[in-house]
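Participant: Contents of protein18.tsv (TSV, C-alpha atoms):
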chain	number	residue	atom	x	y	z
R	1263	MET	CA	77.66	-140.74	-47.87
R	1264	ILE	CA	78.30	-139.07	-44.51
R	1265	ARG	CA	81.15	-140.51	-42.44
R	1266	LYS	CA	83.57	-139.49	-39.67
R	1267	GLY	CA	86.54	-137.50	-40.93
R	1268	GLU	CA	90.01	-139.03	-40.90
R	1269	SER	CA	93.51	-137.63	-40.97
R	1270	LYS	CA	93.87	-138.56	-44.65
R	1271	ASP	CA	90.92	-136.25	-45.50
R	1272	LEU	CA	92.68	-133.12	-44.23
R	1273	PRO	CA	94.25	-131.93	-47.52
R	1274	ARG	CA	90.80	-131.88	-49.12
R	1275	VAL	CA	89.25	-130.35	-46.00
R	1276	LEU	CA	91.72	-127.45	-46.08
R	1277	GLU	CA	91.01	-127.08	-49.81
R	1278	LEU	CA	87.28	-126.71	-49.07
R	1279	ILE	CA	87.98	-124.23	-46.26
R	1280	LYS	CA	90.03	-122.15	-48.69
R	1281	GLU	CA	87.46	-122.47	-51.47
R	1282	LEU	CA	84.84	-120.95	-49.16
R	1283	ALA	CA	87.20	-118.24	-47.89
R	1284	GLU	CA	88.06	-117.31	-51.48
R	1285	TYR	CA	84.35	-117.13	-52.32
R	1286	GLU	CA	83.98	-114.76	-49.33
R	1287	LYS	CA	87.00	-112.76	-50.58
R	1288	ALA	CA	88.82	-113.50	-47.32
R	1289	LEU	CA	91.46	-116.03	-48.38
R	1290	ASP	CA	94.17	-113.90	-46.72
R	1291	GLN	CA	92.48	-114.53	-43.36
R	1292	VAL	CA	93.06	-118.29	-43.54
R	1293	THR	CA	96.24	-118.76	-41.52
R	1294	ASN	CA	95.47	-122.39	-40.67
R	1295	THR	CA	97.75	-125.06	-42.15
R	1296	LEU	CA	97.70	-128.80	-42.80
R	1297	GLU	CA	100.33	-129.32	-40.07
R	1298	LEU	CA	98.23	-127.46	-37.47
R	1299	MET	CA	95.04	-129.27	-38.49
R	1300	GLU	CA	96.84	-132.60	-38.16
R	1301	ALA	CA	98.23	-131.79	-34.70
R	1302	ASP	CA	95.00	-130.25	-33.36
R	1303	GLY	CA	92.64	-132.89	-34.76
R	1304	PHE	CA	94.56	-136.14	-34.40
R	1305	GLY	CA	97.28	-135.68	-31.82
R	1306	SER	CA	97.01	-136.71	-28.17
R	1307	ASP	CA	95.44	-133.31	-27.38
R	1308	SER	CA	92.95	-133.24	-30.24
R	1309	VAL	CA	90.41	-130.44	-29.91
R	1310	TYR	CA	88.13	-130.90	-32.92
R	1311	GLY	CA	86.61	-133.50	-35.21
R	1312	PHE	CA	84.64	-133.49	-38.44
R	1313	PHE	CA	82.18	-135.35	-40.64
R	1314	ILE	CA	82.72	-135.78	-44.37
R	1315	ALA	CA	80.13	-135.77	-47.15
R	1316	GLU	CA	81.41	-138.04	-49.91
R	1317	ILE	CA	80.09	-139.26	-53.23
R	1318	ASN	CA	81.89	-141.87	-55.35
R	1319	GLY	CA	85.04	-141.32	-53.30
R	1320	VAL	CA	85.00	-137.55	-53.82
R	1321	ILE	CA	84.72	-135.34	-50.73
R	1322	VAL	CA	82.14	-132.62	-51.40
R	1323	GLY	CA	81.55	-131.22	-47.93
R	1324	LEU	CA	82.26	-131.31	-44.23
R	1325	SER	CA	80.98	-130.26	-40.84
R	1326	LEU	CA	83.56	-129.40	-38.20
R	1327	TYR	CA	82.76	-129.58	-34.48
R	1328	TYR	CA	84.25	-129.52	-30.99
R	1329	PHE	CA	83.01	-129.58	-27.43
R	1330	ARG	CA	82.17	-126.47	-25.48
R	1331	TYR	CA	81.37	-126.28	-21.83
R	1332	SER	CA	78.63	-124.22	-20.28
R	1333	THR	CA	78.89	-123.57	-16.54
R	1334	TRP	CA	75.09	-123.76	-16.41
R	1335	LYS	CA	74.35	-126.54	-18.91
R	1336	GLY	CA	77.50	-128.69	-19.04
R	1337	LYS	CA	78.94	-130.26	-22.21
R	1338	ARG	CA	77.63	-128.85	-25.49
R	1339	LEU	CA	78.57	-129.85	-29.02
R	1340	TYR	CA	79.60	-126.82	-31.04
R	1341	LEU	CA	79.17	-126.89	-34.80
R	1342	GLU	CA	81.86	-124.55	-36.06
R	1343	ASP	CA	81.26	-124.79	-39.78
R	1344	ILE	CA	79.40	-126.62	-42.51
R	1345	ILE	CA	81.08	-126.31	-45.91
R	1346	VAL	CA	79.75	-127.75	-49.17
R	1347	THR	CA	81.68	-127.32	-52.40
R	1348	GLN	CA	80.22	-124.79	-54.86
R	1349	SER	CA	79.02	-127.32	-57.46
R	1350	GLU	CA	77.19	-129.46	-54.88
R	1351	ARG	CA	75.22	-126.74	-53.13
R	1352	GLY	CA	71.44	-126.96	-52.90
R	1353	LYS	CA	71.43	-130.76	-53.06
R	1354	GLY	CA	70.74	-131.40	-49.38
R	1355	TRP	CA	74.30	-132.08	-48.21
R	1356	GLY	CA	74.10	-129.30	-45.61
R	1357	LYS	CA	71.01	-130.86	-44.07
R	1358	LEU	CA	72.64	-134.31	-43.95
R	1359	LEU	CA	75.78	-132.91	-42.32
R	1360	PHE	CA	73.74	-130.81	-39.88
R	1361	GLU	CA	71.61	-133.75	-38.78
R	1362	ARG	CA	74.57	-136.15	-38.54
R	1363	THR	CA	76.31	-133.64	-36.27
R	1364	MET	CA	73.13	-133.31	-34.21
R	1365	ARG	CA	73.03	-137.09	-33.74
R	1366	PHE	CA	76.69	-136.97	-32.70
R	1367	SER	CA	75.80	-134.58	-29.88
R	1368	LEU	CA	73.54	-137.31	-28.47
R	1369	GLU	CA	76.15	-140.05	-29.02
R	1370	THR	CA	78.66	-138.02	-27.01
R	1371	HIS	CA	76.20	-137.26	-24.20
R	1372	CYS	CA	76.08	-133.52	-24.76
R	1373	THR	CA	73.25	-131.56	-23.18
R	1374	GLY	CA	72.72	-129.70	-26.45
R	1375	MET	CA	74.27	-128.35	-29.63
R	1376	MET	CA	75.27	-124.77	-30.43
R	1377	TRP	CA	76.47	-122.80	-33.43
R	1378	GLN	CA	76.49	-119.25	-34.74
R	1379	VAL	CA	74.96	-117.62	-37.78
R	1380	LEU	CA	75.53	-114.16	-39.26
R	1381	ASP	CA	72.55	-111.93	-38.48
R	1382	TRP	CA	72.08	-111.01	-42.19
R	1383	ASN	CA	72.12	-114.62	-43.42
R	1384	THR	CA	68.35	-114.97	-43.75
R	1385	PRO	CA	68.28	-118.30	-45.67
R	1386	ALA	CA	70.41	-119.95	-42.96
R	1387	ILE	CA	68.34	-118.38	-40.16
R	1388	ASP	CA	65.15	-119.67	-41.79
R	1389	PHE	CA	66.70	-123.14	-42.13
R	1390	TYR	CA	67.59	-123.21	-38.40
R	1391	LYS	CA	64.19	-121.89	-37.37
R	1392	LYS	CA	62.58	-124.90	-39.03
R	1393	TYR	CA	64.37	-126.95	-36.37
R	1394	ASN	CA	63.00	-124.65	-33.65
R	1395	ALA	CA	66.51	-123.63	-32.71
R	1396	LYS	CA	66.69	-120.81	-30.17
R	1397	LEU	CA	68.51	-117.76	-31.56
R	1398	ASP	CA	70.12	-115.16	-29.27
R	1399	ALA	CA	71.02	-111.74	-30.61
R	1400	GLU	CA	72.48	-110.03	-27.57
R	1401	TRP	CA	76.02	-111.43	-27.49
R	1402	LEU	CA	79.14	-109.89	-28.96
R	1403	ASN	CA	82.06	-112.08	-30.01
R	1404	CYS	CA	85.37	-110.85	-28.59
R	1405	HIS	CA	88.80	-111.76	-29.94
R	1406	LEU	CA	92.41	-111.21	-28.99
R	1407	GLU	CA	95.10	-112.56	-31.35
R	1408	CYS	CA	98.19	-114.23	-29.91
R	1409	GLU	CA	100.44	-111.37	-31.06
R	1410	GLN	CA	98.30	-108.96	-29.01
R	1411	ILE	CA	98.36	-111.31	-26.01
R	1412	VAL	CA	102.16	-111.52	-26.13
R	1413	GLU	CA	102.24	-107.71	-26.01
R	1414	LEU	CA	99.71	-107.60	-23.16
R	1415	VAL	CA	100.97	-110.27	-20.80
R	1416	GLY	CA	104.38	-111.28	-22.16
R	1417	GLN	CA	105.46	-114.73	-23.32
J	407	MET	CA	96.62	-116.37	-5.50
J	408	ILE	CA	95.71	-117.64	-8.98
J	409	ARG	CA	96.27	-121.34	-9.62
J	410	LYS	CA	95.06	-124.15	-11.88
J	411	GLY	CA	91.78	-125.65	-10.76
J	412	GLU	CA	91.65	-129.19	-9.40
J	413	SER	CA	88.96	-131.79	-8.98
J	414	LYS	CA	88.72	-131.05	-5.24
J	415	ASP	CA	87.72	-127.44	-6.05
J	416	LEU	CA	84.56	-128.45	-7.91
J	417	PRO	CA	82.06	-128.24	-5.01
J	418	ARG	CA	83.07	-124.60	-4.42
J	419	VAL	CA	83.14	-123.92	-8.17
J	420	LEU	CA	79.55	-125.12	-8.55
J	421	GLU	CA	78.61	-123.02	-5.51
J	422	LEU	CA	80.04	-119.90	-7.21
J	423	ILE	CA	78.26	-120.76	-10.47
J	424	LYS	CA	74.98	-121.02	-8.55
J	425	GLU	CA	75.68	-117.85	-6.57
J	426	LEU	CA	76.01	-115.92	-9.84
J	427	ALA	CA	72.96	-117.59	-11.38
J	428	GLU	CA	70.92	-116.73	-8.30
J	429	TYR	CA	72.10	-113.11	-8.51
J	430	GLU	CA	70.90	-113.13	-12.15
J	431	LYS	CA	67.59	-114.67	-11.03
J	432	ALA	CA	68.28	-117.70	-13.23
J	433	LEU	CA	69.12	-120.42	-10.74
J	434	ASP	CA	66.52	-122.71	-12.34
J	435	GLN	CA	68.60	-122.68	-15.54
J	436	VAL	CA	71.59	-124.31	-13.87
J	437	THR	CA	71.18	-127.99	-14.74
J	438	ASN	CA	74.87	-128.78	-14.36
J	439	THR	CA	75.89	-131.09	-11.50
J	440	LEU	CA	79.03	-131.99	-9.56
J	441	GLU	CA	79.04	-135.44	-11.18
J	442	LEU	CA	78.92	-133.97	-14.71
J	443	MET	CA	81.60	-131.39	-13.91
J	444	GLU	CA	83.84	-134.14	-12.54
J	445	ALA	CA	83.40	-136.35	-15.62
J	446	ASP	CA	83.72	-133.53	-18.16
J	447	GLY	CA	86.67	-131.78	-16.52
J	448	PHE	CA	88.79	-134.62	-15.17
J	449	GLY	CA	87.86	-137.80	-17.01
J	450	SER	CA	89.78	-139.23	-19.99
J	451	ASP	CA	87.67	-137.06	-22.33
J	452	SER	CA	87.96	-133.82	-20.38
J	453	VAL	CA	86.64	-130.83	-22.31
J	454	TYR	CA	87.26	-127.87	-19.99
J	455	GLY	CA	89.63	-126.53	-17.36
J	456	PHE	CA	89.66	-123.63	-14.94
J	457	PHE	CA	91.78	-121.27	-12.88
J	458	ILE	CA	91.04	-120.51	-9.25
J	459	ALA	CA	91.43	-117.23	-7.37
J	460	GLU	CA	92.20	-118.04	-3.75
J	461	ILE	CA	93.01	-116.05	-0.63
J	462	ASN	CA	94.02	-117.69	2.68
J	463	GLY	CA	92.73	-121.02	1.39
J	464	VAL	CA	89.31	-119.61	0.45
J	465	ILE	CA	88.26	-119.79	-3.21
J	466	VAL	CA	86.79	-116.43	-4.22
J	467	GLY	CA	86.67	-116.73	-7.98
J	468	LEU	CA	87.35	-118.74	-11.11
J	469	SER	CA	87.78	-118.52	-14.85
J	470	LEU	CA	86.58	-121.48	-16.91
J	471	TYR	CA	88.00	-122.19	-20.38
J	472	TYR	CA	88.16	-124.75	-23.18
J	473	PHE	CA	89.59	-124.99	-26.66
J	474	ARG	CA	87.71	-123.96	-29.75
J	475	TYR	CA	88.77	-124.55	-33.32
J	476	SER	CA	88.48	-122.05	-36.11
J	477	THR	CA	88.70	-123.46	-39.65
J	478	TRP	CA	90.49	-120.23	-40.62
J	479	LYS	CA	92.64	-119.55	-37.53
J	480	GLY	CA	93.17	-122.94	-35.86
J	481	LYS	CA	93.17	-123.54	-32.10
J	482	ARG	CA	91.68	-120.75	-29.96
J	483	LEU	CA	91.30	-120.61	-26.21
J	484	TYR	CA	87.73	-119.80	-25.26
J	485	LEU	CA	87.06	-118.07	-21.95
J	486	GLU	CA	83.58	-119.23	-21.01
J	487	ASP	CA	83.14	-117.42	-17.74
J	488	ILE	CA	84.85	-115.38	-15.06
J	489	ILE	CA	83.05	-115.51	-11.72
J	490	VAL	CA	84.08	-113.60	-8.59
J	491	THR	CA	82.09	-113.98	-5.38
J	492	GLN	CA	79.92	-111.01	-4.44
J	493	SER	CA	81.99	-109.79	-1.47
J	494	GLU	CA	85.26	-109.83	-3.45
J	495	ARG	CA	84.13	-107.87	-6.51
J	496	GLY	CA	85.95	-104.72	-7.53
J	497	LYS	CA	89.24	-105.87	-6.00
J	498	GLY	CA	91.00	-106.80	-9.23
J	499	TRP	CA	90.37	-110.56	-9.20
J	500	GLY	CA	88.66	-110.45	-12.59
J	501	LYS	CA	91.71	-108.80	-14.15
J	502	LEU	CA	94.06	-111.37	-12.59
J	503	LEU	CA	91.93	-114.28	-13.82
J	504	PHE	CA	91.53	-112.72	-17.27
J	505	GLU	CA	95.25	-112.19	-17.69
J	506	ARG	CA	96.18	-115.64	-16.32
J	507	THR	CA	93.81	-117.17	-18.85
J	508	MET	CA	95.36	-115.04	-21.59
J	509	ARG	CA	98.81	-116.33	-20.67
J	510	PHE	CA	97.43	-119.88	-20.76
J	511	SER	CA	96.40	-119.36	-24.38
J	512	LEU	CA	100.08	-118.76	-25.18
J	513	GLU	CA	101.25	-121.71	-23.07
J	514	THR	CA	98.90	-123.99	-25.00
J	515	HIS	CA	99.94	-122.64	-28.41
J	516	CYS	CA	96.59	-121.15	-29.30
J	517	THR	CA	96.45	-118.63	-32.13
J	518	GLY	CA	94.26	-116.36	-30.00
J	519	MET	CA	91.64	-116.14	-27.27
J	520	MET	CA	87.90	-115.59	-27.61
J	521	TRP	CA	84.96	-114.92	-25.34
J	522	GLN	CA	81.52	-113.33	-25.46
J	523	VAL	CA	79.98	-110.37	-23.71
J	524	LEU	CA	76.37	-109.21	-23.51
J	525	ASP	CA	75.84	-106.19	-25.75
J	526	TRP	CA	74.35	-104.12	-22.88
J	527	ASN	CA	77.18	-104.86	-20.43
J	528	THR	CA	78.99	-101.54	-20.92
J	529	PRO	CA	81.46	-101.84	-17.99
J	530	ALA	CA	82.67	-105.21	-19.30
J	531	ILE	CA	82.84	-103.93	-22.89
J	532	ASP	CA	84.92	-100.95	-21.73
J	533	PHE	CA	87.21	-103.29	-19.78
J	534	TYR	CA	87.80	-105.45	-22.88
J	535	LYS	CA	88.33	-102.45	-25.12
J	536	LYS	CA	91.24	-101.36	-22.91
J	537	TYR	CA	92.92	-104.57	-24.12
J	538	ASN	CA	92.16	-103.63	-27.74
J	539	ALA	CA	90.02	-106.73	-28.10
J	540	LYS	CA	88.12	-106.93	-31.38
J	541	LEU	CA	84.33	-107.04	-30.80
J	542	ASP	CA	81.94	-108.46	-33.44
J	543	ALA	CA	78.24	-107.68	-33.27
J	544	GLU	CA	76.87	-109.54	-36.27
J	545	TRP	CA	76.64	-113.10	-34.96
J	546	LEU	CA	73.62	-114.81	-33.43
J	547	ASN	CA	74.07	-117.67	-30.97
J	548	CYS	CA	71.95	-120.70	-31.90
J	549	HIS	CA	70.97	-123.48	-29.52
J	550	LEU	CA	69.21	-126.82	-29.68
J	551	GLU	CA	68.68	-128.73	-26.42
J	552	CYS	CA	69.21	-132.48	-26.35
J	553	GLU	CA	65.48	-133.11	-25.80
J	554	GLN	CA	64.78	-131.24	-29.05
J	555	ILE	CA	67.53	-133.14	-30.87
J	556	VAL	CA	66.08	-136.48	-29.75
J	557	GLU	CA	62.77	-135.39	-31.24
J	558	LEU	CA	64.39	-134.19	-34.45
J	559	VAL	CA	66.77	-137.01	-35.30
J	560	GLY	CA	65.93	-139.80	-32.86
J	561	GLN	CA	68.21	-141.40	-30.30
Translate this structure into structure tokens?
Facilitator:
Amino acid sequence: MIRKGESKDLPRVLELIKELAEYEKALDQVTNTLELMEADGFGSDSVYGFFIAEINGVIVGLSLYYFRYSTWKGKRLYLEDIIVTQSERGKGWGKLLFERTMRFSLETHCTGMMWQVLDWNTPAIDFYKKYNAKLDAEWLNCHLECEQIVELVGQ
Amino acid sequence: MIRKGESKDLPRVLELIKELAEYEKALDQVTNTLELMEADGFGSDSVYGFFIAEINGVIVGLSLYYFRYSTWKGKRLYLEDIIVTQSERGKGWGKLLFERTMRFSLETHCTGMMWQVLDWNTPAIDFYKKYNAKLDAEWLNCHLECEQIVELVGQ
């Protein structure tokens, strides 16, 4: 029911990403494409991977991860996103995907796993606290988009 | 003066990491080792890279990066840390390393660059705001250490 994601799963994966973005009224912020996901996930310089939740051949969810690197702690698995399709929520898929990804962090010899949660998302925070995850509130996320970087430092 | 980091630089890199940790009274939290840094940065599954600031053959600073993956935005360069040795602070090395890393995000076809800053670090926040970086306050960082994961999901 939970398996490693493959290149052939990407159309459905992007569909689920867009389903969630639409639900969050942010579909216009999804600039990712199938071509990019293919190149970045399965090319020679792949930077991410994912697990698939599947029932009777239908993909109902995914967890997407990549490796981070802490100067203090070394290699960490980063869980970027867990997405479960609307109709399958509340059936335990999120927990299965979360725990499969956790196990993967051990399989790949990471020193730990990290992720982020929105500070107002109380159900998710409660879920993570059950695992005794450590939550830090004092960091700000900073972003520069490539168009800004081109302006700042040139091509 | 700024160049790509190489395997031979790692002893000095770890020294600078420990210098900063000691300054922050957190040396005991540095569990990373030269062997791990070698395997994770230069093996077949390398997950990070770094730039070196050097003057007359002496390494005085570094910026360490890796690739992240946003389901919405695709490949992002993540700047994990900029470290400049105590005696060379305030001489513009941080800016040089920051901008070299920015350029690298274009060279590697990222859709943007990301990093984090502590919410009380006003000088750094002001520095980043000069670049018009977007700063998000609403995310919590979550961590599980591998010892916890072993307990939670087994080996």
Participant: Could you produce a table of the residues of range 489-535 of chain J lying within 12 Å of range 1295-1316 of chain R, with the nearest pair of atoms per residue and their separation in Å rounded to one decimal, using all atoms listed in the file, ordered by chain and increasing residue number, as CSV?
Facilitator:
residue,atom,partner,partner_atom,distance
J:Thr514,CA,R:Asp1307,CA,10.2
J:His515,CA,R:Asp1302,CA,10.3
J:Cys516,CA,R:Asp1302,CA,10.1
J:Thr517,CA,R:Leu1298,CA,10.5
Participant: Set up a box along x, y and z of the file covering all listed atoms of range 436-446 of chain J, add 5 Å on every one of the six sides, and write the centre and edge lengths in Å to one decimal, as lines of an AutoDock Vina configuration file.
Facilitator:
center_x = 77.5
center_y = -130.3
center_z = -13.9
size_x = 22.7
size_y = 22.0
size_z = 18.6
Participant: In Å to one decimal, how far is CA of Pro1385 in chain R from CA of Gly1323 in chain R?
Facilitator: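 For CA of Gly1323 in chain R relative to CA of Pro1385 in chain R, the distance reads 18.7 Å.
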Participant: Show me a table, sorted first by chain and then by increasing residue number, of the residues of chain J having an atom at most 7 Å from chain R, each with its shortest atom pair and the distance in Å to one decimal, counting only C-alpha atoms and written as CSV.
Facilitator:
residue,atom,partner,partner_atom,distance
J:Ile423,CA,R:Thr1333,CA,6.7
J:Gln435,CA,R:Trp1334,CA,6.6
J:Val436,CA,R:Trp1334,CA,4.4
J:Thr437,CA,R:Lys1335,CA,5.4
J:Asn438,CA,R:Lys1335,CA,5.1
J:Leu442,CA,R:Gly1336,CA,7.0
J:Val453,CA,R:Phe1329,CA,6.4
J:Tyr454,CA,R:Tyr1331,CA,6.4
J:Tyr472,CA,R:Arg1330,CA,6.6
J:Phe473,CA,R:Val1309,CA,6.4
J:Arg474,CA,R:Tyr1328,CA,6.7
J:Tyr475,CA,R:Tyr1310,CA,6.4
J:Thr477,CA,R:Ile1279,CA,6.7
J:Trp478,CA,R:Val1292,CA,4.3
J:Lys479,CA,R:Asn1294,CA,5.1
J:Gly480,CA,R:Asn1294,CA,5.4
J:Glu505,CA,R:Val1415,CA,6.8
J:Met508,CA,R:Ile1411,CA,6.5
J:Arg509,CA,R:Val1415,CA,6.4
J:Leu512,CA,R:Cys1408,CA,6.8
J:Thr517,CA,R:Cys1408,CA,5.2
J:Gly518,CA,R:Glu1407,CA,4.1
J:Met519,CA,R:Leu1406,CA,5.3
J:Met520,CA,R:His1405,CA,4.6
J:Trp521,CA,R:Cys1404,CA,5.2
J:Gln522,CA,R:Asn1403,CA,4.7
J:Val523,CA,R:Leu1402,CA,5.3
J:Leu524,CA,R:Trp1401,CA,4.6
J:Asp525,CA,R:Glu1400,CA,5.4
J:Ala539,CA,R:Leu1406,CA,5.2
J:Lys540,CA,R:His1405,CA,5.1
J:Leu541,CA,R:Cys1404,CA,4.5
J:Asp542,CA,R:Asn1403,CA,5.0
J:Ala543,CA,R:Leu1402,CA,4.9
J:Glu544,CA,R:Asp1381,CA,5.4
J:Trp545,CA,R:Leu1380,CA,4.6
J:Leu546,CA,R:Ala1399,CA,4.9
J:Asn547,CA,R:Gln1378,CA,4.8
J:Cys548,CA,R:Leu1397,CA,4.5
J:His549,CA,R:Met1376,CA,4.6
J:Leu550,CA,R:Ala1395,CA,5.2
J:Glu551,CA,R:Gly1374,CA,4.2
J:Cys552,CA,R:Gly1374,CA,4.5
J:Ile555,CA,R:Met1364,CA,6.5
J:Val559,CA,R:Arg1365,CA,6.5
J:Gln561,CA,R:Leu1368,CA,7.0
Participant: Which polymer residues have any atom within 9 Å of an atom of Ser1349 in chain R, counting all atoms listed in the file, with same-chain residues fewer than 3 positions away left out, as a list in words?
Facilitator: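 With the cut-off at 9 Å, the set is Val1322, Val1346 and Gly1352 of chain R.
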Participant: To one decimal place in Å, what is the distance between CA of Ile1345 in chain R and CA of Lys1287 in chain R?
Facilitator: 15.5 Å
